[in-house]
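> Take a look at this one; I'll ask things after.
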Amino acid sequence: MSATKKIIVPEIPPIEREMIALRIANMLEDGSYVNLGIGIPTLVSNWIEGRDINLQSEIGMLKCGPLAEDEEIEQDRINASCEFVMELPGSSYFDIGTSFAMIRGGHIDVAVLGALQVSASGDLAGWNNPARGMGAVGNIGGSMDLAVGAKKVIVAMDHVTVDGKAKILTECTYSLTAKACVDVIVTNYALIEVTPEGLVLKEAIDGVTAEDVQNMTAAPLIIADDFKEMEF
Amino acid sequence: MSATKKIIVPEIPPIEREMIALRIANMLEDGSYVNLGIGIPTLVSNWIEGRDINLQSEIGMLKCGPLAEDEEIEQDRINASCEFVMELPGSSYFDIGTSFAMIRGGHIDVAVLGALQVSASGDLAGWNNPARGMGAVGNIGGSMDLAVGAKKVIVAMDHVTVDGKAKILTECTYSLTAKACVDVIVTNYALIEVTPEGLVLKEAIDGVTAEDVQNMTAAPLIIADDFKEMEF
Amino acid sequence: MDKVYNTVEAAVEDVFDGAVIAFGGFFSAGRPAGLTKALAKRNVKDLTIVLQQVGPGNEEILDLVTNGQIRKAICNYPFPRSASKGADHPFEQAVKKGEIALEVFPMGTFVEKLRCAGAGLPAFYTPTGVGTVVAEGKEVRVFNGREALLELALTVDFTFVHAWKGDREGNLIYHDTAQNYNTAMAMAGAITIAEVEFLHAVGDLNGNGIHTPGIFVKRVVETGRPDLEIADI
Amino acid sequence: MDKVYNTVEAAVEDVFDGAVIAFGGFFSAGRPAGLTKALAKRNVKDLTIVLQQVGPGNEEILDLVTNGQIRKAICNYPFPRSASKGADHPFEQAVKKGEIALEVFPMGTFVEKLRCAGAGLPAFYTPTGVGTVVAEGKEVRVFNGREALLELALTVDFTFVHAWKGDREGNLIYHDTAQNYNTAMAMAGAITIAEVEFLHAVGDLNGNGIHTPGIFVKRVVETGRPDLEIADI
């Protein structure tokens, strides 16, 4: 089970990124404080309008609202992805020191993060793609703090790379964001939990078998007793 | 020169506490940020009205104003000595974490502190009088942070104890507030600077000689070339 | 999420024996007197209390002392200012007799230990206390030629704070010097409970002037503005 | 003390070769663009710059890069988000060629290093970065069964911040998410210089809602509200 294992992608088309986000939105509890990373995680915000879920943005905003457009744009009201956002009733602003006190201090219930690779023990590699050629430096941003600080870390990503390589591996080959931090992986094919026994396959999308998922995963999967079709 | 050295107090009466405070007030520079400890240091505030000196109170207030009386009293506006104070134009409030960031971070130009003892090398003992019988615990408060954090530490105290014992000693015998932190000592008889060479007697009050000061000081004094009468 | 409790009694109902509790406030400013009084009415004991001082000027804490509910106190200015008042003071005498264990930290270290706990930082170095009794048993290390002590984060089970304005989701604004320890302690508490003088609807407070964002606060109870009783310290 | 300077040029006049300078701001919010542009017009070099990232969305910093004024950068998200934009970006290419040294810290560590410098705390431990490239060469220590890294305070010679409202004594209020790094950096600077959109008389601002008390600020210059230019990141 190495990173070079031959990956077989099933003929069933994967779900869209928005559906990964929806599956994750359905996992979030009311009243929770949630931080959404750049990429697919940001799309989770489209599915929680009207729900009692408080988005934290590491730039220093709680109850971060939906994206602002046109005349709603205020240059001093952005999220950590540099997008203009709206205020909500009860929104608050604070400095980045306080923001990361929240993050490292265990006050964030869930962080949803993108990833380049996840290992069988929940190691996360998400900030440094060697293809960029910058060596040991790169855009760490808030990812390492979120990975170690949030009570629960959910990874949202495609199951394999665009050139068909495995992203779920026995060991990550890219530079780590944090060790043993991931709780759940939701991909465009499956939902996998990281447990002390290893990766447990809980759900696959309609038409995809457990064997199909294993065939595109370079780490061994334990099939859950209650393995089932992913529902939305 | 031990703590048990026989102390001879001159016949000239000492100056009042208010005059110690005035001498110190005259040492403060315009535009400076100053923290005043409990006791004689507090009296410095009576001499700076109208001057551009910003008092910091460790409870979390900058530009702490004069004492409030009667209907001026606001229960949520106090200094660190638990006295009700007035606001000034430009007063600001902050939490004690930020307050001690100011203090330890070198943002306070001068701290004026009381003391039980000061040593020849500028060690300060100010928080624990063994007579109280509480052993190693006591009212440390903000004194240790101020002693190490302020750019300049001025001690304001009586020259000898009420029962005629020396307070300026070769070594402190009481529990320390901080080592080698005192820059200047102003007493009811003299002004002494702490230098790498030792204690330098710079001023004595009218009618008191350098020898008089040495006779009530249990550490050797170097008489400054410009030794002179204390002026107000 | 609406975090409002109707009474101080309900808000402190689950405080357990042996709990570590931080109390905000400084003399007349920002003391959670309502929550503390409710705690004194409950039969919980072996408490560790974390606060600047135990009266005078903090009379409601004295009930916990005289009730025998306190096992340990962590303070920075524990006693009455004058030794003569201390001789009559139940807390000082309980410490003297060894009935209550007392740990004292310099004020800046005390507040930073709480902030670090709330911020997920397990320890820090500070120059404060080097060469004093505070340094006993602690690691000393030199940074840039200057000695500093290793101090550990202080985690607490419950924090009681007193705010001026609060909304139903726990956003808090303190009044002037009543901010004091409340801000850092609110971060440190696993369960932070806020009594507020004025309870506001969500959206009523200016989000750009919040001192404690609601994420740090689990419960809010409206107790009104306390009467000013000037203690003789 | 009146701390007002009439021009950004006068406010940055004494920045010297080799200085370490922290720049507040995050994309469109709270960037000290006026001060930075003034610095780019001065012939100072070998600068170490401390900031989140070097453009896009921080175009005025690019002038310092293309002028060859930068020796080192300390960042947490240094490059354009997309690799393809990075290939065209002068800063990323200067780092790649070794013309500019680059040090990267996780965002929470980065801001805490600055706060600690301002707060007189020489070092702290954080769990962030354990087991990653960030931990290389750093002490790892276990607290309560969990590993943490030793990180050092980051002192800076000058800090440039951008505030919404400021008074003549340096009290500052930032606007919404424009607070970002400005607060911690203002504490860290030996000389902190604030450009403000609106300059107020002393006493005009509410003392209970100040984000940066004036003690942290040495100079204030009014630059007005910047035009919104949305960078393509």
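Chain lettering (A, B, ...) mirrors the order of the structure tokens, residue numbering begins at 1 for each chain separately, and ligand numbering begins at 1 in order of display.
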So that I can see what lies close to Ala218 (chain A), please list as an MDAnalysis selection string the residues with an atom at most 12 Å from it, counting only C-alpha atoms and leaving out residues fewer than 4 positions away in the same chain.
chainID A and resid 1:8 117:120 159:160 164:173 199 213:214
> Could you take the residues named above and write them with N, CA and C atoms, as a PDB file, in the first residue's frame?

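For reference, selection12.pdb as written:
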```pdb
ATOM      1  N   MET A   1       0.849  -1.204   0.000  1.00  0.00           N
ATOM      2  CA  MET A   1       0.000   0.000   0.000  1.00  0.00           C
ATOM      3  C   MET A   1       0.882   1.250   0.000  1.00  0.00           C
ATOM      4  N   SER A   2       1.534   1.568  -1.071  1.00  0.00           N
ATOM      5  CA  SER A   2       2.388   2.742  -1.083  1.00  0.00           C
ATOM      6  C   SER A   2       1.729   3.838  -1.894  1.00  0.00           C
ATOM      7  N   ALA A   3       2.370   4.971  -1.895  1.00  0.00           N
ATOM      8  CA  ALA A   3       1.826   6.114  -2.632  1.00  0.00           C
ATOM      9  C   ALA A   3       1.808   5.841  -4.128  1.00  0.00           C
ATOM     10  N   THR A   4       2.582   4.847  -4.545  1.00  0.00           N
ATOM     11  CA  THR A   4       2.647   4.564  -5.982  1.00  0.00           C
ATOM     12  C   THR A   4       1.680   3.459  -6.403  1.00  0.00           C
ATOM     13  N   LYS A   5       0.883   2.992  -5.469  1.00  0.00           N
ATOM     14  CA  LYS A   5      -0.110   1.969  -5.789  1.00  0.00           C
ATOM     15  C   LYS A   5      -0.944   2.392  -6.998  1.00  0.00           C
ATOM     16  N   LYS A   6      -1.262   1.440  -7.851  1.00  0.00           N
ATOM     17  CA  LYS A   6      -2.069   1.768  -9.030  1.00  0.00           C
ATOM     18  C   LYS A   6      -3.504   2.024  -8.588  1.00  0.00           C
ATOM     19  N   ILE A   7      -4.003   3.166  -8.991  1.00  0.00           N
ATOM     20  CA  ILE A   7      -5.345   3.607  -8.586  1.00  0.00           C
ATOM     21  C   ILE A   7      -6.322   3.319  -9.720  1.00  0.00           C
ATOM     22  N   ILE A   8      -7.460   2.732  -9.372  1.00  0.00           N
ATOM     23  CA  ILE A   8      -8.510   2.497 -10.360  1.00  0.00           C
ATOM     24  C   ILE A   8      -9.716   3.327  -9.962  1.00  0.00           C
ATOM     25  N   GLN A 117      -3.099  15.473   0.924  1.00  0.00           N
ATOM     26  CA  GLN A 117      -2.997  14.060   1.313  1.00  0.00           C
ATOM     27  C   GLN A 117      -3.473  13.892   2.748  1.00  0.00           C
ATOM     28  N   VAL A 118      -4.029  12.695   3.017  1.00  0.00           N
ATOM     29  CA  VAL A 118      -4.346  12.300   4.401  1.00  0.00           C
ATOM     30  C   VAL A 118      -3.801  10.886   4.583  1.00  0.00           C
ATOM     31  N   SER A 119      -3.213  10.642   5.779  1.00  0.00           N
ATOM     32  CA  SER A 119      -2.645   9.316   6.022  1.00  0.00           C
ATOM     33  C   SER A 119      -3.601   8.440   6.816  1.00  0.00           C
ATOM     34  N   ALA A 120      -3.242   7.145   6.919  1.00  0.00           N
ATOM     35  CA  ALA A 120      -4.064   6.180   7.645  1.00  0.00           C
ATOM     36  C   ALA A 120      -4.220   6.537   9.114  1.00  0.00           C
ATOM     37  N   HIS A 159     -11.177  12.591  -4.053  1.00  0.00           N
ATOM     38  CA  HIS A 159     -10.612  11.344  -3.553  1.00  0.00           C
ATOM     39  C   HIS A 159      -9.229  11.064  -4.137  1.00  0.00           C
ATOM     40  N   VAL A 160      -9.049  11.430  -5.401  1.00  0.00           N
ATOM     41  CA  VAL A 160      -7.740  11.251  -6.052  1.00  0.00           C
ATOM     42  C   VAL A 160      -7.331  12.564  -6.715  1.00  0.00           C
ATOM     43  N   GLY A 164      -4.900  11.344 -11.258  1.00  0.00           N
ATOM     44  CA  GLY A 164      -5.216   9.969 -10.905  1.00  0.00           C
ATOM     45  C   GLY A 164      -4.355   9.337  -9.837  1.00  0.00           C
ATOM     46  N   LYS A 165      -3.733  10.126  -8.999  1.00  0.00           N
ATOM     47  CA  LYS A 165      -2.928   9.560  -7.912  1.00  0.00           C
ATOM     48  C   LYS A 165      -3.719   9.556  -6.608  1.00  0.00           C
ATOM     49  N   ALA A 166      -3.386   8.608  -5.755  1.00  0.00           N
ATOM     50  CA  ALA A 166      -4.081   8.510  -4.471  1.00  0.00           C
ATOM     51  C   ALA A 166      -3.755   9.701  -3.578  1.00  0.00           C
ATOM     52  N   LYS A 167      -4.757  10.153  -2.832  1.00  0.00           N
ATOM     53  CA  LYS A 167      -4.558  11.227  -1.849  1.00  0.00           C
ATOM     54  C   LYS A 167      -4.694  10.682  -0.423  1.00  0.00           C
ATOM     55  N   ILE A 168      -5.293   9.494  -0.318  1.00  0.00           N
ATOM     56  CA  ILE A 168      -5.407   8.852   0.998  1.00  0.00           C
ATOM     57  C   ILE A 168      -4.392   7.714   1.014  1.00  0.00           C
ATOM     58  N   LEU A 169      -3.392   7.865   1.890  1.00  0.00           N
ATOM     59  CA  LEU A 169      -2.193   7.026   1.831  1.00  0.00           C
ATOM     60  C   LEU A 169      -1.865   6.431   3.191  1.00  0.00           C
ATOM     61  N   THR A 170      -1.049   5.403   3.181  1.00  0.00           N
ATOM     62  CA  THR A 170      -0.554   4.859   4.451  1.00  0.00           C
ATOM     63  C   THR A 170       0.248   5.938   5.183  1.00  0.00           C
ATOM     64  N   GLU A 171       1.124   6.596   4.484  1.00  0.00           N
ATOM     65  CA  GLU A 171       1.876   7.725   5.037  1.00  0.00           C
ATOM     66  C   GLU A 171       1.855   8.859   4.027  1.00  0.00           C
ATOM     67  N   CYS A 172       1.727  10.085   4.498  1.00  0.00           N
ATOM     68  CA  CYS A 172       1.789  11.216   3.577  1.00  0.00           C
ATOM     69  C   CYS A 172       3.209  11.354   3.034  1.00  0.00           C
ATOM     70  N   THR A 173       3.317  11.753   1.773  1.00  0.00           N
ATOM     71  CA  THR A 173       4.637  12.013   1.181  1.00  0.00           C
ATOM     72  C   THR A 173       4.922  13.510   1.104  1.00  0.00           C
ATOM     73  N   LEU A 199      -8.468   3.494   9.099  1.00  0.00           N
ATOM     74  CA  LEU A 199      -9.495   4.218   8.334  1.00  0.00           C
ATOM     75  C   LEU A 199     -10.736   3.340   8.191  1.00  0.00           C
ATOM     76  N   VAL A 213     -13.983   1.936  -3.658  1.00  0.00           N
ATOM     77  CA  VAL A 213     -13.314   2.962  -2.847  1.00  0.00           C
ATOM     78  C   VAL A 213     -11.907   2.495  -2.484  1.00  0.00           C
ATOM     79  N   GLN A 214     -11.804   1.229  -2.076  1.00  0.00           N
ATOM     80  CA  GLN A 214     -10.472   0.706  -1.725  1.00  0.00           C
ATOM     81  C   GLN A 214      -9.516   0.792  -2.917  1.00  0.00           C
TER      82      GLN A 214
END
```
> Which polymer residues have any atom within 12 Å of an atom of Lys179 (chain A), counting only C-alpha atoms, with same-chain residues fewer than 3 positions away left out, as a VMD selection string?
(chain A and resid 117 to 126 144 to 145 147 to 148 153 171 to 172 175 to 176 182 to 183) or (chain D and resid 127 to 133 147)
> Once you count only C-alpha atoms, which residues of chain D turn out to be within 8 Å of chain C? Could you give them as a list in words?
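Result, ordered by chain then number: Gly120, Leu121, Pro122, Ala123, Phe124, Tyr125, Thr126, Pro127, Phe143, Ala148, His175, Asp176, Gly207, Asn208 and Gly209 of chain D.
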> Keeping only N, CA, C and O atoms, take the residues you just selected and write them out as a short mmCIF file (atom, residue, chain, number, x, y, z; two decimals), in the first residue's frame.

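Contents of the output file out.cif:
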```
data_model
loop_
_atom_site.label_atom_id
_atom_site.label_comp_id
_atom_site.auth_asym_id
_atom_site.auth_seq_id
_atom_site.Cartn_x
_atom_site.Cartn_y
_atom_site.Cartn_z
N GLY D 120 6.59 41.83 26.48
CA GLY D 120 7.74 41.54 27.32
C GLY D 120 7.89 40.09 27.71
O GLY D 120 8.53 39.77 28.70
N LEU D 121 7.30 39.19 26.93
CA LEU D 121 7.43 37.75 27.17
C LEU D 121 8.39 37.21 26.12
O LEU D 121 8.10 37.27 24.92
N PRO D 122 9.55 36.68 26.52
CA PRO D 122 10.57 36.32 25.52
C PRO D 122 10.24 35.09 24.70
O PRO D 122 10.79 34.93 23.61
N ALA D 123 9.36 34.20 25.19
CA ALA D 123 9.10 32.96 24.46
C ALA D 123 7.84 32.30 24.98
O ALA D 123 7.37 32.59 26.08
N PHE D 124 7.31 31.38 24.17
CA PHE D 124 6.11 30.63 24.57
C PHE D 124 6.15 29.26 23.90
O PHE D 124 6.89 29.05 22.94
N TYR D 125 5.34 28.37 24.42
CA TYR D 125 5.19 27.04 23.82
C TYR D 125 3.83 26.95 23.14
O TYR D 125 2.82 27.42 23.68
N THR D 126 3.81 26.34 21.97
CA THR D 126 2.55 26.14 21.24
C THR D 126 2.52 24.74 20.64
O THR D 126 3.55 24.24 20.18
N PRO D 127 1.34 24.11 20.63
CA PRO D 127 1.24 22.79 20.00
C PRO D 127 1.28 22.86 18.47
O PRO D 127 1.49 21.84 17.82
N PHE D 143 3.86 18.95 27.62
CA PHE D 143 3.06 19.48 28.73
C PHE D 143 1.75 18.71 28.78
O PHE D 143 1.04 18.62 27.76
N ALA D 148 4.70 20.33 22.46
CA ALA D 148 4.59 21.74 22.05
C ALA D 148 5.97 22.24 21.65
O ALA D 148 6.99 21.73 22.12
N HIS D 175 -11.52 49.22 11.92
CA HIS D 175 -12.85 48.99 11.39
C HIS D 175 -13.04 47.51 11.03
O HIS D 175 -12.41 47.01 10.12
N ASP D 176 -13.90 46.86 11.81
CA ASP D 176 -14.28 45.48 11.52
C ASP D 176 -13.04 44.57 11.33
O ASP D 176 -12.20 44.53 12.20
N GLY D 207 -13.39 55.95 25.27
CA GLY D 207 -12.26 55.26 25.90
C GLY D 207 -12.52 53.81 26.20
O GLY D 207 -11.59 53.03 26.44
N ASN D 208 -13.79 53.41 26.20
CA ASN D 208 -14.15 52.02 26.51
C ASN D 208 -14.15 51.14 25.26
O ASN D 208 -14.41 49.95 25.35
N GLY D 209 -13.87 51.74 24.09
CA GLY D 209 -13.89 50.96 22.86
C GLY D 209 -12.64 51.16 22.03
O GLY D 209 -12.65 50.99 20.81
#
```
> Can you tell me which residues surround region 186-191 of chain D at a distance of at most 7 Å, considering only C-alpha atoms, apart from same-chain residues fewer than 6 positions away, and format the answer as a list in words?
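Selected residues are Leu114, Arg115, Ala117, Gly118, Thr155, Val156, Asp157, Phe158, Thr159, Val161, Phe216, Val217 and Lys218 of chain D.
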> When the cut-off is 8 Å and we count only C-alpha atoms, which residues of chain A are near chain D, given as a ChimeraX atom specification?
/A:59-61,75-79,82,93-97,100-101,104,132,134,136-145,148-149,175-179
> Using only C-alpha atoms, which protein or nucleic acid residues come within 7 Å of region 11-20 of chain A? Drop anything in the same chain fewer than 5 positions from it, and give the result as a PyMOL selection string.
chain A and resi 40+43+156+186-189+207-208
> Go ahead and save the picked residues with all heavy atoms, as a short mmCIF file (atom, residue, chain, number, x, y, z; two decimals), in the first residue's frame.

```cif
data_model
loop_
_atom_site.label_atom_id
_atom_site.label_comp_id
_atom_site.auth_asym_id
_atom_site.auth_seq_id
_atom_site.Cartn_x
_atom_site.Cartn_y
_atom_site.Cartn_z
N ILE A 40 -13.04 23.76 -1.25
CA ILE A 40 -14.31 23.07 -1.04
C ILE A 40 -14.94 23.45 0.31
O ILE A 40 -16.15 23.70 0.38
CB ILE A 40 -14.15 21.53 -1.15
CG1 ILE A 40 -13.61 21.14 -2.53
CG2 ILE A 40 -15.49 20.83 -0.90
CD1 ILE A 40 -13.29 19.64 -2.66
N LEU A 43 -17.51 26.16 0.48
CA LEU A 43 -18.84 25.90 -0.10
C LEU A 43 -19.84 25.42 0.95
O LEU A 43 -21.05 25.49 0.73
CB LEU A 43 -18.74 24.85 -1.22
CG LEU A 43 -17.83 25.22 -2.39
CD1 LEU A 43 -17.68 24.04 -3.34
CD2 LEU A 43 -18.38 26.44 -3.13
N ALA A 156 -12.24 17.97 3.52
CA ALA A 156 -13.07 17.96 2.31
C ALA A 156 -12.14 18.01 1.11
O ALA A 156 -11.39 18.97 0.95
CB ALA A 156 -14.00 19.17 2.31
N VAL A 186 -14.24 13.54 3.91
CA VAL A 186 -15.35 13.44 2.97
C VAL A 186 -14.82 13.78 1.59
O VAL A 186 -14.27 14.88 1.38
CB VAL A 186 -16.51 14.39 3.35
CG1 VAL A 186 -17.68 14.21 2.38
CG2 VAL A 186 -16.97 14.13 4.78
N THR A 187 -14.95 12.84 0.67
CA THR A 187 -14.46 13.05 -0.70
C THR A 187 -15.62 13.01 -1.67
O THR A 187 -16.78 12.86 -1.29
CB THR A 187 -13.45 11.96 -1.11
OG1 THR A 187 -14.17 10.75 -1.40
CG2 THR A 187 -12.44 11.66 -0.01
N ASN A 188 -15.29 13.15 -2.94
CA ASN A 188 -16.33 13.09 -3.97
C ASN A 188 -16.79 11.65 -4.26
O ASN A 188 -17.61 11.43 -5.14
CB ASN A 188 -15.86 13.79 -5.26
CG ASN A 188 -14.45 13.36 -5.67
OD1 ASN A 188 -13.80 12.56 -4.98
ND2 ASN A 188 -14.01 13.85 -6.82
N TYR A 189 -16.27 10.68 -3.46
CA TYR A 189 -16.75 9.30 -3.58
C TYR A 189 -17.18 8.67 -2.26
O TYR A 189 -17.97 7.72 -2.26
CB TYR A 189 -15.64 8.40 -4.18
CG TYR A 189 -15.41 8.59 -5.66
CD1 TYR A 189 -14.33 9.33 -6.12
CD2 TYR A 189 -16.29 8.03 -6.60
CE1 TYR A 189 -14.11 9.52 -7.48
CE2 TYR A 189 -16.07 8.21 -7.96
CZ TYR A 189 -14.98 8.95 -8.40
OH TYR A 189 -14.76 9.12 -9.74
N GLY A 207 -23.94 3.85 -6.20
CA GLY A 207 -23.36 3.09 -7.30
C GLY A 207 -21.92 2.70 -7.10
O GLY A 207 -21.36 1.95 -7.90
N VAL A 208 -21.28 3.22 -6.05
CA VAL A 208 -19.87 2.92 -5.79
C VAL A 208 -19.78 1.93 -4.63
O VAL A 208 -20.41 2.12 -3.59
CB VAL A 208 -19.09 4.21 -5.49
CG1 VAL A 208 -17.70 3.89 -4.93
CG2 VAL A 208 -18.98 5.05 -6.74
#
```
> Need the shell around Asp225 (chain A): protein/DNA/RNA residues with any atom at most 12 Å away, counting only C-alpha atoms. Skip same-chain ones fewer than 4 positions apart. Format as a PyMOL selection string?
chain A and resi 200-203+210
> Which residues, written as a PyMOL selection string, have at least one atom at most 10 Å from Asp2 (chain D), with only C-alpha atoms counted and residues fewer than 6 positions away on the same chain left out?
(chain B and resi 31+52) or (chain D and resi 167-170+201-202+218-220)
> Which residues come within 7 Å of Ala150 (chain A), counting only C-alpha atoms, excluding same-chain residues fewer than 5 positions away, as JSON, numbers by chain?
{"A": [103, 104, 106, 108, 109, 110, 111]}
> Save the residues we just selected, all heavy atoms, as a PDB file, in the first residue's frame?

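Saved to again_18.pdb:
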```pdb
ATOM      1  N   ILE A 103      -8.924  29.463  18.250  1.00  0.00           N
ATOM      2  CA  ILE A 103      -8.615  28.282  17.432  1.00  0.00           C
ATOM      3  C   ILE A 103      -7.760  27.286  18.208  1.00  0.00           C
ATOM      4  O   ILE A 103      -8.112  26.115  18.335  1.00  0.00           O
ATOM      5  CB  ILE A 103      -7.928  28.723  16.111  1.00  0.00           C
ATOM      6  CG1 ILE A 103      -8.955  29.424  15.206  1.00  0.00           C
ATOM      7  CG2 ILE A 103      -7.270  27.542  15.412  1.00  0.00           C
ATOM      8  CD1 ILE A 103      -8.364  30.153  14.014  1.00  0.00           C
ATOM      9  N   ARG A 104      -6.633  27.742  18.755  1.00  0.00           N
ATOM     10  CA  ARG A 104      -5.764  26.828  19.491  1.00  0.00           C
ATOM     11  C   ARG A 104      -6.368  26.406  20.822  1.00  0.00           C
ATOM     12  O   ARG A 104      -6.078  25.339  21.344  1.00  0.00           O
ATOM     13  CB  ARG A 104      -4.418  27.500  19.787  1.00  0.00           C
ATOM     14  CG  ARG A 104      -3.354  27.356  18.752  1.00  0.00           C
ATOM     15  CD  ARG A 104      -2.083  27.938  19.337  1.00  0.00           C
ATOM     16  NE  ARG A 104      -2.440  29.095  20.160  1.00  0.00           N
ATOM     17  CZ  ARG A 104      -2.258  30.349  19.799  1.00  0.00           C
ATOM     18  NH1 ARG A 104      -1.643  30.652  18.692  1.00  0.00           N
ATOM     19  NH2 ARG A 104      -2.658  31.332  20.590  1.00  0.00           N
ATOM     20  N   GLY A 106      -9.223  25.475  21.670  1.00  0.00           N
ATOM     21  CA  GLY A 106     -10.276  24.467  21.679  1.00  0.00           C
ATOM     22  C   GLY A 106     -11.678  25.037  21.697  1.00  0.00           C
ATOM     23  O   GLY A 106     -12.633  24.350  22.068  1.00  0.00           O
ATOM     24  N   ILE A 108     -13.200  26.199  18.952  1.00  0.00           N
ATOM     25  CA  ILE A 108     -13.826  25.919  17.652  1.00  0.00           C
ATOM     26  C   ILE A 108     -14.261  24.455  17.648  1.00  0.00           C
ATOM     27  O   ILE A 108     -13.437  23.563  17.858  1.00  0.00           O
ATOM     28  CB  ILE A 108     -12.831  26.180  16.496  1.00  0.00           C
ATOM     29  CG1 ILE A 108     -12.305  27.618  16.537  1.00  0.00           C
ATOM     30  CG2 ILE A 108     -13.473  25.857  15.142  1.00  0.00           C
ATOM     31  CD1 ILE A 108     -13.299  28.684  16.187  1.00  0.00           C
ATOM     32  N   ASP A 109     -15.544  24.222  17.405  1.00  0.00           N
ATOM     33  CA  ASP A 109     -16.054  22.843  17.433  1.00  0.00           C
ATOM     34  C   ASP A 109     -15.567  22.043  16.235  1.00  0.00           C
ATOM     35  O   ASP A 109     -15.206  20.874  16.374  1.00  0.00           O
ATOM     36  CB  ASP A 109     -17.582  22.864  17.477  1.00  0.00           C
ATOM     37  CG  ASP A 109     -18.094  23.503  18.758  1.00  0.00           C
ATOM     38  OD1 ASP A 109     -17.775  22.983  19.836  1.00  0.00           O
ATOM     39  OD2 ASP A 109     -18.794  24.534  18.670  1.00  0.00           O
ATOM     40  N   VAL A 110     -15.593  22.657  15.068  1.00  0.00           N
ATOM     41  CA  VAL A 110     -15.243  21.929  13.842  1.00  0.00           C
ATOM     42  C   VAL A 110     -14.438  22.831  12.912  1.00  0.00           C
ATOM     43  O   VAL A 110     -14.812  23.987  12.687  1.00  0.00           O
ATOM     44  CB  VAL A 110     -16.512  21.467  13.079  1.00  0.00           C
ATOM     45  CG1 VAL A 110     -16.117  20.706  11.805  1.00  0.00           C
ATOM     46  CG2 VAL A 110     -17.406  20.607  13.954  1.00  0.00           C
ATOM     47  N   ALA A 111     -13.349  22.296  12.390  1.00  0.00           N
ATOM     48  CA  ALA A 111     -12.650  22.939  11.277  1.00  0.00           C
ATOM     49  C   ALA A 111     -12.820  22.055  10.053  1.00  0.00           C
ATOM     50  O   ALA A 111     -12.584  20.838  10.119  1.00  0.00           O
ATOM     51  CB  ALA A 111     -11.169  23.120  11.594  1.00  0.00           C
TER      52      ALA A 111
END
```
> What is the distance between CA of Asn171 (chain C) and CA of Glu197 (chain D), in Å to one decimal?
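We find that CA of Asn171 (chain C) and CA of Glu197 (chain D) lie 27.4 Å from each other.
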> Run DSSP on the backbone and give me the residues of region 9-163 of chain D it puts in alpha helix (DSSP H), as a VMD selection string.
chain D and resid 9 to 11 33 to 40 59 to 66 83 to 87 90 to 96 107 to 119
> As a PyMOL selection string, please: every residue in region 31-176 of chain B that DSSP puts in strand (DSSP E).
chain B and resi 33-36+54-57+61-62+92-93+110-113+117-119+124-125+152-156+168-169
> Could you state the separation of CA of His162 (chain D) and CA of Ser92 (chain B) in Å, given to one decimal place?
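Rounded to one decimal, the two atoms are 19.2 Å apart.
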> Rounded to one decimal, what separation in Å do you get between CA of Leu62 (chain D) and CA of Glu195 (chain D)?
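Value for the CA of Leu62 (chain D)-CA of Glu195 (chain D) distance: 19.3 Å.
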